[in-house]
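Engineer: Next up, structure.txt (compact mmCIF, N, CA and C atoms).
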```
# COMPACT_ATOMS: atom_id res chain seq x y z
N MET A 1 40.46 12.97 -21.85
CA MET A 1 41.00 12.82 -20.51
C MET A 1 41.33 11.35 -20.29
N TYR A 2 42.39 11.08 -19.54
CA TYR A 2 42.85 9.74 -19.24
C TYR A 2 42.78 9.52 -17.74
N ALA A 3 42.60 8.26 -17.34
CA ALA A 3 42.60 7.93 -15.92
C ALA A 3 43.29 6.59 -15.73
N GLY A 4 44.10 6.49 -14.69
CA GLY A 4 44.71 5.24 -14.29
C GLY A 4 44.08 4.82 -12.97
N LEU A 5 43.82 3.52 -12.80
CA LEU A 5 43.11 3.06 -11.62
C LEU A 5 43.78 1.80 -11.10
N THR A 6 44.12 1.78 -9.81
CA THR A 6 44.62 0.56 -9.18
C THR A 6 43.60 0.12 -8.15
N SER A 7 43.45 -1.17 -8.01
CA SER A 7 42.48 -1.69 -7.03
C SER A 7 43.21 -2.38 -5.90
N GLN A 8 42.68 -2.19 -4.71
CA GLN A 8 43.16 -2.88 -3.52
C GLN A 8 41.96 -3.53 -2.86
N ASN A 9 42.17 -4.12 -1.71
CA ASN A 9 41.07 -4.80 -1.05
C ASN A 9 39.99 -3.83 -0.59
N VAL A 10 40.37 -2.68 -0.09
CA VAL A 10 39.41 -1.77 0.51
C VAL A 10 39.18 -0.50 -0.30
N CYS A 11 40.20 -0.01 -1.00
CA CYS A 11 40.06 1.27 -1.69
C CYS A 11 40.73 1.24 -3.05
N PHE A 12 40.46 2.26 -3.84
CA PHE A 12 41.04 2.42 -5.16
C PHE A 12 41.87 3.70 -5.18
N THR A 13 42.96 3.67 -5.91
CA THR A 13 43.75 4.87 -6.13
C THR A 13 43.55 5.28 -7.58
N ARG A 14 43.23 6.55 -7.80
CA ARG A 14 42.98 7.00 -9.17
C ARG A 14 43.88 8.19 -9.49
N TRP A 15 44.18 8.31 -10.75
CA TRP A 15 45.08 9.35 -11.23
C TRP A 15 44.57 9.76 -12.58
N GLY A 16 44.27 11.01 -12.79
CA GLY A 16 43.74 11.43 -14.08
C GLY A 16 44.32 12.74 -14.56
N TRP A 17 44.40 12.88 -15.87
CA TRP A 17 44.90 14.13 -16.45
C TRP A 17 44.29 14.36 -17.81
N ARG A 18 44.35 15.59 -18.24
CA ARG A 18 43.83 15.98 -19.55
C ARG A 18 44.85 15.68 -20.63
N ASN A 19 44.43 15.80 -21.88
CA ASN A 19 45.34 15.55 -23.00
C ASN A 19 46.54 16.50 -22.99
N THR A 20 46.40 17.65 -22.36
CA THR A 20 47.48 18.63 -22.30
C THR A 20 48.54 18.24 -21.28
N GLY A 21 48.27 17.26 -20.42
CA GLY A 21 49.21 16.85 -19.40
C GLY A 21 48.91 17.41 -18.03
N LYS A 22 47.90 18.25 -17.91
CA LYS A 22 47.54 18.83 -16.61
C LYS A 22 46.82 17.80 -15.76
N ILE A 23 47.31 17.59 -14.53
CA ILE A 23 46.71 16.60 -13.63
C ILE A 23 45.38 17.14 -13.12
N VAL A 24 44.33 16.32 -13.22
CA VAL A 24 43.00 16.73 -12.81
C VAL A 24 42.67 16.18 -11.42
N PHE A 25 43.01 14.93 -11.16
CA PHE A 25 42.78 14.35 -9.83
C PHE A 25 43.85 13.32 -9.52
N ARG A 26 44.10 13.18 -8.21
CA ARG A 26 45.09 12.23 -7.73
C ARG A 26 44.74 11.93 -6.28
N LYS A 27 43.96 10.89 -6.04
CA LYS A 27 43.60 10.56 -4.66
C LYS A 27 43.02 9.17 -4.55
N ARG A 28 42.80 8.74 -3.31
CA ARG A 28 42.25 7.41 -3.04
C ARG A 28 40.75 7.51 -2.81
N LEU A 29 40.06 6.45 -3.18
CA LEU A 29 38.61 6.37 -3.00
C LEU A 29 38.25 5.04 -2.37
N ALA A 30 37.26 5.04 -1.48
CA ALA A 30 36.73 3.79 -0.95
C ALA A 30 35.91 3.10 -2.04
N ARG A 31 35.74 1.80 -1.93
CA ARG A 31 34.98 1.05 -2.95
C ARG A 31 33.58 1.60 -3.15
N ASN A 32 32.91 1.94 -2.05
CA ASN A 32 31.53 2.42 -2.19
C ASN A 32 31.45 3.82 -2.79
N ALA A 33 32.56 4.55 -2.85
CA ALA A 33 32.56 5.90 -3.43
C ALA A 33 33.05 5.90 -4.88
N LEU A 34 33.54 4.76 -5.36
CA LEU A 34 34.12 4.73 -6.70
C LEU A 34 33.06 4.91 -7.79
N MET A 35 32.00 4.15 -7.76
CA MET A 35 31.00 4.24 -8.83
C MET A 35 30.31 5.61 -8.87
N PRO A 36 29.94 6.22 -7.75
CA PRO A 36 29.40 7.59 -7.84
C PRO A 36 30.39 8.57 -8.47
N PHE A 37 31.69 8.41 -8.18
CA PHE A 37 32.70 9.29 -8.78
C PHE A 37 32.78 9.04 -10.28
N ILE A 38 32.82 7.78 -10.70
CA ILE A 38 32.91 7.44 -12.13
C ILE A 38 31.68 7.95 -12.87
N ALA A 39 30.53 7.88 -12.24
CA ALA A 39 29.29 8.34 -12.89
C ALA A 39 29.30 9.84 -13.15
N THR A 40 30.05 10.60 -12.35
CA THR A 40 30.08 12.06 -12.55
C THR A 40 31.07 12.49 -13.62
N LEU A 41 31.99 11.61 -14.02
CA LEU A 41 32.99 11.97 -15.02
C LEU A 41 32.40 11.97 -16.42
N PRO A 42 32.88 12.86 -17.28
CA PRO A 42 32.53 12.74 -18.70
C PRO A 42 33.24 11.50 -19.24
N PRO A 43 32.84 10.99 -20.40
CA PRO A 43 33.50 9.79 -20.93
C PRO A 43 35.02 9.96 -21.04
N VAL A 44 35.75 9.05 -20.39
CA VAL A 44 37.21 9.10 -20.36
C VAL A 44 37.77 7.73 -20.73
N LEU A 45 39.06 7.69 -20.99
CA LEU A 45 39.78 6.45 -21.20
C LEU A 45 40.34 6.01 -19.86
N ILE A 46 39.89 4.85 -19.35
CA ILE A 46 40.31 4.35 -18.05
C ILE A 46 41.23 3.15 -18.27
N GLY A 47 42.41 3.21 -17.69
CA GLY A 47 43.35 2.09 -17.75
C GLY A 47 43.35 1.35 -16.44
N MET A 48 43.36 0.00 -16.52
CA MET A 48 43.38 -0.85 -15.33
C MET A 48 44.33 -2.01 -15.54
N GLU A 49 44.88 -2.53 -14.45
CA GLU A 49 45.63 -3.78 -14.54
C GLU A 49 44.63 -4.92 -14.64
N ALA A 50 44.98 -5.93 -15.42
CA ALA A 50 44.13 -7.10 -15.56
C ALA A 50 44.29 -7.97 -14.31
N CYS A 51 43.20 -8.13 -13.57
CA CYS A 51 43.21 -8.98 -12.38
C CYS A 51 41.85 -9.66 -12.29
N GLY A 52 41.62 -10.41 -11.25
CA GLY A 52 40.40 -11.20 -11.15
C GLY A 52 39.12 -10.39 -11.20
N GLY A 53 39.04 -9.28 -10.49
CA GLY A 53 37.83 -8.50 -10.45
C GLY A 53 37.72 -7.42 -11.51
N ALA A 54 38.74 -7.30 -12.35
CA ALA A 54 38.78 -6.21 -13.32
C ALA A 54 37.71 -6.34 -14.39
N HIS A 55 37.28 -7.57 -14.71
CA HIS A 55 36.22 -7.74 -15.71
C HIS A 55 34.94 -7.06 -15.24
N ASP A 56 34.58 -7.32 -13.98
CA ASP A 56 33.34 -6.75 -13.44
C ASP A 56 33.41 -5.23 -13.40
N TRP A 57 34.55 -4.69 -12.91
CA TRP A 57 34.68 -3.24 -12.85
C TRP A 57 34.64 -2.63 -14.25
N ALA A 58 35.29 -3.27 -15.20
CA ALA A 58 35.30 -2.74 -16.57
C ALA A 58 33.89 -2.70 -17.15
N ARG A 59 33.10 -3.75 -16.90
CA ARG A 59 31.72 -3.74 -17.39
C ARG A 59 30.91 -2.61 -16.74
N ARG A 60 31.14 -2.39 -15.45
CA ARG A 60 30.43 -1.29 -14.76
C ARG A 60 30.83 0.07 -15.33
N PHE A 61 32.11 0.26 -15.60
CA PHE A 61 32.58 1.54 -16.15
C PHE A 61 32.04 1.74 -17.56
N ARG A 62 31.99 0.69 -18.35
CA ARG A 62 31.45 0.80 -19.71
C ARG A 62 29.96 1.16 -19.70
N ALA A 63 29.25 0.74 -18.67
CA ALA A 63 27.84 1.10 -18.55
C ALA A 63 27.67 2.61 -18.42
N HIS A 64 28.71 3.29 -17.96
CA HIS A 64 28.69 4.77 -17.85
C HIS A 64 29.38 5.42 -19.05
N HIS A 65 29.56 4.68 -20.14
CA HIS A 65 30.08 5.18 -21.42
C HIS A 65 31.56 5.55 -21.37
N HIS A 66 32.33 4.90 -20.49
CA HIS A 66 33.77 5.12 -20.47
C HIS A 66 34.45 4.07 -21.33
N ASP A 67 35.59 4.41 -21.89
CA ASP A 67 36.39 3.46 -22.65
C ASP A 67 37.39 2.84 -21.68
N VAL A 68 37.32 1.52 -21.49
CA VAL A 68 38.14 0.85 -20.50
C VAL A 68 39.14 -0.05 -21.21
N LYS A 69 40.40 0.08 -20.85
CA LYS A 69 41.47 -0.76 -21.39
C LYS A 69 42.17 -1.44 -20.22
N ARG A 70 42.30 -2.76 -20.31
CA ARG A 70 42.97 -3.53 -19.26
C ARG A 70 44.29 -4.05 -19.81
N MET A 71 45.32 -3.97 -18.97
CA MET A 71 46.66 -4.37 -19.38
C MET A 71 47.22 -5.40 -18.41
N ALA A 72 48.03 -6.30 -18.93
CA ALA A 72 48.71 -7.28 -18.07
C ALA A 72 49.72 -6.54 -17.19
N PRO A 73 49.85 -6.95 -15.93
CA PRO A 73 50.75 -6.23 -15.01
C PRO A 73 52.20 -6.13 -15.50
N GLN A 74 52.69 -7.14 -16.21
CA GLN A 74 54.09 -7.07 -16.66
C GLN A 74 54.30 -5.99 -17.71
N PHE A 75 53.25 -5.55 -18.39
CA PHE A 75 53.38 -4.48 -19.37
C PHE A 75 53.26 -3.11 -18.72
N VAL A 76 52.67 -3.06 -17.53
CA VAL A 76 52.51 -1.79 -16.81
C VAL A 76 53.78 -1.47 -16.03
N LYS A 77 54.48 -2.49 -15.55
CA LYS A 77 55.64 -2.30 -14.68
C LYS A 77 56.68 -1.34 -15.24
N PRO A 78 57.02 -1.38 -16.54
CA PRO A 78 58.01 -0.41 -17.05
C PRO A 78 57.55 1.05 -16.96
N SER A 79 56.26 1.29 -16.83
CA SER A 79 55.75 2.66 -16.77
C SER A 79 55.80 3.25 -15.36
N VAL A 80 55.99 2.40 -14.34
CA VAL A 80 56.05 2.88 -12.96
C VAL A 80 57.44 3.46 -12.75
N LYS A 81 57.48 4.70 -12.25
CA LYS A 81 58.74 5.46 -12.25
C LYS A 81 59.71 5.10 -11.14
N SER A 82 59.23 4.73 -9.96
CA SER A 82 60.18 4.40 -8.89
C SER A 82 59.56 3.32 -8.03
N ASN A 83 59.90 3.29 -6.75
CA ASN A 83 59.43 2.22 -5.88
C ASN A 83 57.92 2.06 -5.93
N LYS A 84 57.48 0.84 -5.75
CA LYS A 84 56.07 0.51 -5.91
C LYS A 84 55.23 1.05 -4.75
N ASN A 85 54.23 1.84 -5.09
CA ASN A 85 53.15 2.17 -4.18
C ASN A 85 51.91 2.42 -5.03
N ASP A 86 50.76 2.54 -4.40
CA ASP A 86 49.50 2.61 -5.15
C ASP A 86 49.40 3.84 -6.04
N MET A 87 49.87 4.98 -5.54
CA MET A 87 49.77 6.21 -6.32
C MET A 87 50.66 6.14 -7.57
N ARG A 88 51.86 5.62 -7.41
CA ARG A 88 52.75 5.49 -8.58
C ARG A 88 52.24 4.44 -9.55
N ASP A 89 51.63 3.38 -9.03
CA ASP A 89 51.03 2.38 -9.92
C ASP A 89 49.92 2.99 -10.76
N ALA A 90 49.06 3.78 -10.12
CA ALA A 90 47.95 4.41 -10.85
C ALA A 90 48.48 5.36 -11.93
N GLU A 91 49.54 6.09 -11.60
CA GLU A 91 50.15 6.99 -12.59
C GLU A 91 50.74 6.18 -13.74
N GLY A 92 51.44 5.10 -13.41
CA GLY A 92 52.04 4.25 -14.45
C GLY A 92 50.99 3.62 -15.36
N ILE A 93 49.87 3.19 -14.79
CA ILE A 93 48.79 2.61 -15.58
C ILE A 93 48.21 3.66 -16.51
N GLY A 94 48.02 4.87 -15.99
CA GLY A 94 47.50 5.95 -16.82
C GLY A 94 48.42 6.30 -17.97
N GLU A 95 49.72 6.24 -17.75
CA GLU A 95 50.67 6.51 -18.83
C GLU A 95 50.74 5.35 -19.82
N ALA A 96 50.68 4.13 -19.31
CA ALA A 96 50.78 2.96 -20.18
C ALA A 96 49.59 2.84 -21.12
N VAL A 97 48.42 3.25 -20.67
CA VAL A 97 47.21 3.11 -21.50
C VAL A 97 47.27 4.01 -22.73
N THR A 98 48.08 5.05 -22.69
CA THR A 98 48.16 5.98 -23.82
C THR A 98 49.21 5.57 -24.85
N ARG A 99 50.00 4.56 -24.57
CA ARG A 99 51.05 4.13 -25.50
C ARG A 99 50.45 3.36 -26.67
N PRO A 100 50.81 3.71 -27.90
CA PRO A 100 50.23 3.04 -29.07
C PRO A 100 50.52 1.55 -29.18
N PRO A 101 51.75 1.08 -28.87
CA PRO A 101 51.99 -0.34 -29.08
C PRO A 101 51.51 -1.24 -27.94
N MET A 102 50.83 -0.70 -26.95
CA MET A 102 50.41 -1.48 -25.78
C MET A 102 49.42 -2.57 -26.19
N ARG A 103 49.60 -3.76 -25.61
CA ARG A 103 48.66 -4.86 -25.84
C ARG A 103 47.66 -4.89 -24.69
N PHE A 104 46.39 -4.96 -25.04
CA PHE A 104 45.34 -4.91 -24.04
C PHE A 104 44.67 -6.27 -23.88
N VAL A 105 44.13 -6.51 -22.70
CA VAL A 105 43.41 -7.74 -22.40
C VAL A 105 41.94 -7.48 -22.67
N PRO A 106 41.27 -8.33 -23.46
CA PRO A 106 39.85 -8.09 -23.74
C PRO A 106 39.00 -8.28 -22.49
N ILE A 107 37.89 -7.56 -22.44
CA ILE A 107 36.96 -7.67 -21.32
C ILE A 107 35.96 -8.77 -21.64
N LYS A 108 35.83 -9.72 -20.73
CA LYS A 108 34.94 -10.85 -20.95
C LYS A 108 33.53 -10.51 -20.46
N ALA A 109 32.55 -11.04 -21.20
CA ALA A 109 31.17 -10.92 -20.77
C ALA A 109 30.95 -11.90 -19.61
N LEU A 110 29.86 -11.71 -18.89
CA LEU A 110 29.57 -12.53 -17.73
C LEU A 110 29.41 -14.00 -18.11
N ASP A 111 28.75 -14.29 -19.24
CA ASP A 111 28.57 -15.68 -19.65
C ASP A 111 29.91 -16.32 -20.05
N GLN A 112 30.84 -15.54 -20.60
CA GLN A 112 32.17 -16.07 -20.91
C GLN A 112 32.92 -16.45 -19.64
N GLN A 113 32.79 -15.63 -18.60
CA GLN A 113 33.43 -15.95 -17.34
C GLN A 113 32.81 -17.19 -16.70
N ASP A 114 31.49 -17.35 -16.84
CA ASP A 114 30.82 -18.54 -16.30
C ASP A 114 31.33 -19.81 -16.97
N VAL A 115 31.44 -19.79 -18.29
CA VAL A 115 31.93 -20.96 -19.02
C VAL A 115 33.38 -21.25 -18.64
N GLN A 116 34.19 -20.21 -18.49
CA GLN A 116 35.58 -20.40 -18.10
C GLN A 116 35.67 -21.02 -16.70
N ALA A 117 34.82 -20.59 -15.78
CA ALA A 117 34.81 -21.16 -14.42
C ALA A 117 34.42 -22.64 -14.47
N LEU A 118 33.43 -22.99 -15.29
CA LEU A 118 33.03 -24.39 -15.42
C LEU A 118 34.19 -25.24 -15.96
N HIS A 119 34.90 -24.73 -16.95
CA HIS A 119 36.03 -25.46 -17.50
C HIS A 119 37.13 -25.67 -16.46
N ARG A 120 37.38 -24.66 -15.63
CA ARG A 120 38.40 -24.79 -14.59
C ARG A 120 38.01 -25.84 -13.56
N VAL A 121 36.74 -25.84 -13.15
CA VAL A 121 36.27 -26.83 -12.17
C VAL A 121 36.37 -28.23 -12.77
N ARG A 122 35.99 -28.36 -14.03
CA ARG A 122 36.04 -29.66 -14.70
C ARG A 122 37.49 -30.18 -14.78
N GLU A 123 38.43 -29.30 -15.11
CA GLU A 123 39.83 -29.71 -15.17
C GLU A 123 40.35 -30.13 -13.80
N ARG A 124 39.94 -29.42 -12.75
CA ARG A 124 40.35 -29.78 -11.40
C ARG A 124 39.79 -31.15 -11.00
N LEU A 125 38.53 -31.40 -11.33
CA LEU A 125 37.91 -32.69 -11.02
C LEU A 125 38.60 -33.82 -11.79
N ARG A 126 38.93 -33.56 -13.04
CA ARG A 126 39.60 -34.58 -13.83
C ARG A 126 40.97 -34.90 -13.25
N GLY A 127 41.69 -33.88 -12.82
CA GLY A 127 43.00 -34.10 -12.20
C GLY A 127 42.88 -34.87 -10.89
N ALA A 128 41.86 -34.55 -10.09
CA ALA A 128 41.65 -35.26 -8.82
C ALA A 128 41.29 -36.72 -9.08
N ARG A 129 40.49 -36.99 -10.10
CA ARG A 129 40.11 -38.36 -10.44
C ARG A 129 41.34 -39.16 -10.86
N THR A 130 42.20 -38.56 -11.67
CA THR A 130 43.43 -39.23 -12.10
C THR A 130 44.34 -39.51 -10.91
N ALA A 131 44.48 -38.54 -10.02
CA ALA A 131 45.33 -38.72 -8.84
C ALA A 131 44.80 -39.83 -7.95
N LEU A 132 43.50 -39.91 -7.78
CA LEU A 132 42.89 -40.96 -6.95
C LEU A 132 43.12 -42.34 -7.58
N GLY A 133 42.97 -42.42 -8.88
CA GLY A 133 43.24 -43.69 -9.58
C GLY A 133 44.68 -44.11 -9.44
N ASN A 134 45.61 -43.17 -9.57
CA ASN A 134 47.03 -43.48 -9.44
C ASN A 134 47.37 -43.91 -8.02
N GLU A 135 46.73 -43.30 -7.03
CA GLU A 135 46.96 -43.67 -5.65
C GLU A 135 46.47 -45.09 -5.39
N GLY A 136 45.31 -45.42 -5.95
CA GLY A 136 44.78 -46.79 -5.81
C GLY A 136 45.70 -47.82 -6.43
N HIS A 137 46.21 -47.53 -7.62
CA HIS A 137 47.15 -48.43 -8.28
C HIS A 137 48.40 -48.61 -7.42
N GLY A 138 48.89 -47.54 -6.85
CA GLY A 138 50.09 -47.60 -6.01
C GLY A 138 49.86 -48.45 -4.78
N LEU A 139 48.69 -48.32 -4.14
CA LEU A 139 48.40 -49.12 -2.95
C LEU A 139 48.24 -50.60 -3.29
N LEU A 140 47.63 -50.89 -4.44
CA LEU A 140 47.45 -52.29 -4.84
C LEU A 140 48.78 -52.95 -5.20
N ASN A 141 49.74 -52.17 -5.68
CA ASN A 141 51.05 -52.73 -6.05
C ASN A 141 51.91 -53.05 -4.83
N GLU A 142 51.57 -52.50 -3.67
CA GLU A 142 52.39 -52.73 -2.47
C GLU A 142 52.15 -54.07 -1.87
```
As structure tokens, what does this structure read like?
Structural biologist:
Amino acid sequence: MYAGLTSQNVCFTRWGWRNTGKIVFRKRLARNALMPFIATLPPVLIGMEACGGAHDWARRFRAHHHDVKRMAPQFVKPSVKSNKNDMRDAEGIGEAVTRPPMRFVPIKALDQQDVQALHRVRERLRGARTALGNEGHGLLNE
């Protein structure tokens, strides 16, 4: 069974079907209802767009023995059939995850995300320090 999942601020849209093509579910879920629903499913292949919170959700889904594949949004866009809405996005993600040549984004562990956040903060501080030095040089030259 395959499932496509889109995330929004308040709710998730899910779309799932069997290998035969028969649609099993197609509806929206609130955030607090998502994990109980995922826990009741047998192990499935879940496709998600790669976004900021997708690492955490993917780790939670894997804890329930699901296979989670995350894709960059630009690779999912060709699978969406018409105008953009959440239900069509979920369907497009579910179709894109089954394509053999699809490139997937790896799921990072929590410690990998922590190190990445530290590197980003360090780069921002370094840029701010350089900008402050350049501003001082500019004021002294006047």
Engineer: For a test of reading the model, state the distance in Å between atom C of Arg70 of chain A and atom CA of Ala3 of chain A, rounded to one decimal.
Structural biologist: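 So the two atoms, atom C of Arg70 of chain A and atom CA of Ala3 of chain A, lie 12.7 Å apart.
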Engineer: Quick one, how far is atom CA of Leu34 of chain A from atom CA of Thr6 of chain A?
Structural biologist: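 Here the two named atoms are 11.6 Å from each other.
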Engineer: Calculated over only N, CA and C atoms, which of the candidates A:Met1, A:Arg88, A:Phe75, A:Glu95 has the smallest distance to Pro42 of chain A?
Structural biologist: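 For Pro42 of chain A, the nearest of the candidates is A:Met1.
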Engineer: Closest to Gly4 of chain A among A:Cys51, A:Ala30, A:Val68, A:Ile93, using only N, CA and C atoms?
Structural biologist: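 Nearest candidate to Gly4 of chain A out of A:Cys51, A:Ala30, A:Val68, A:Ile93: A:Ile93.
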Engineer: Taking the DSSP assignment computed from this structure's backbone, write out as a VMD selection string all residues of segment 29-128 of chain A that belong to helix (DSSP H, G or I).
Structural biologist: chain A and resid 31 to 40 54 to 63 73 to 79 86 to 96 110 to 128
Engineer: Determine, for each residue of segment 27-95 of chain A having at least one atom at most 8 Å from an atom of segment 108-122 of chain A, the closest pair of atoms and their separation in Å to one decimal, counting all atoms listed in the file; order by chain and ascending number, as a Markdown table.
Structural biologist:
```
| residue | atom | partner | partner_atom | distance |
| --- | --- | --- | --- | --- |
| A:Ala54 | C | A:Lys108 | N | 7.4 |
| A:His55 | CA | A:Lys108 | N | 5.4 |
| A:Asp56 | N | A:Lys108 | N | 7.3 |
| A:Arg59 | N | A:Lys108 | N | 7.6 |
```
Engineer: Using DSSP on the backbone coordinates, identify the residues of chain A assigned to strand (DSSP E or B); present them as a PyMOL selection string.
Structural biologist: chain A and resi 2-7+11-17+23-30+45-49+67-71+105
Engineer: When distances are computed from only C-alpha atoms, which of A:Pro36, A:Gly127, A:Pro43, A:Pro106 shows the smallest separation from Ala72 of chain A?
Structural biologist: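 The answer is A:Pro106, which sits nearest to Ala72 of chain A.
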Engineer: Quick one: of A:Ala131, A:Leu139, A:Met102, A:Val97, who's nearest to Ile46 of chain A, counting only N, CA and C atoms?
Structural biologist: A:Val97
Engineer: Box time for segment 27-33 of chain A: axis-aligned, enclosing all its listed atoms, 3 Å extra on each side; report centre and edge lengths in Å to one decimal, as lines of an AutoDock Vina configuration file.
Structural biologist:
```
center_x = 37.7
center_y = 6.0
center_z = -3.5
size_x = 18.5
size_y = 15.8
size_z = 11.1
```
Engineer: Excluding His64 of chain A and residues on its chain fewer than 3 positions from it, collect all residues at most 8 Å away from it, counting only N, CA and C atoms, and give them as JSON, numbers by chain.
Structural biologist: {"A": [38, 39, 41, 42, 43, 44, 58, 59, 60, 61, 67]}
Engineer: What is the distance between atom C of Leu45 of chain A and atom CA of His66 of chain A, in Å to one decimal?
Structural biologist: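 Atom CA of His66 of chain A lies at a distance of 6.7 Å from atom C of Leu45 of chain A.
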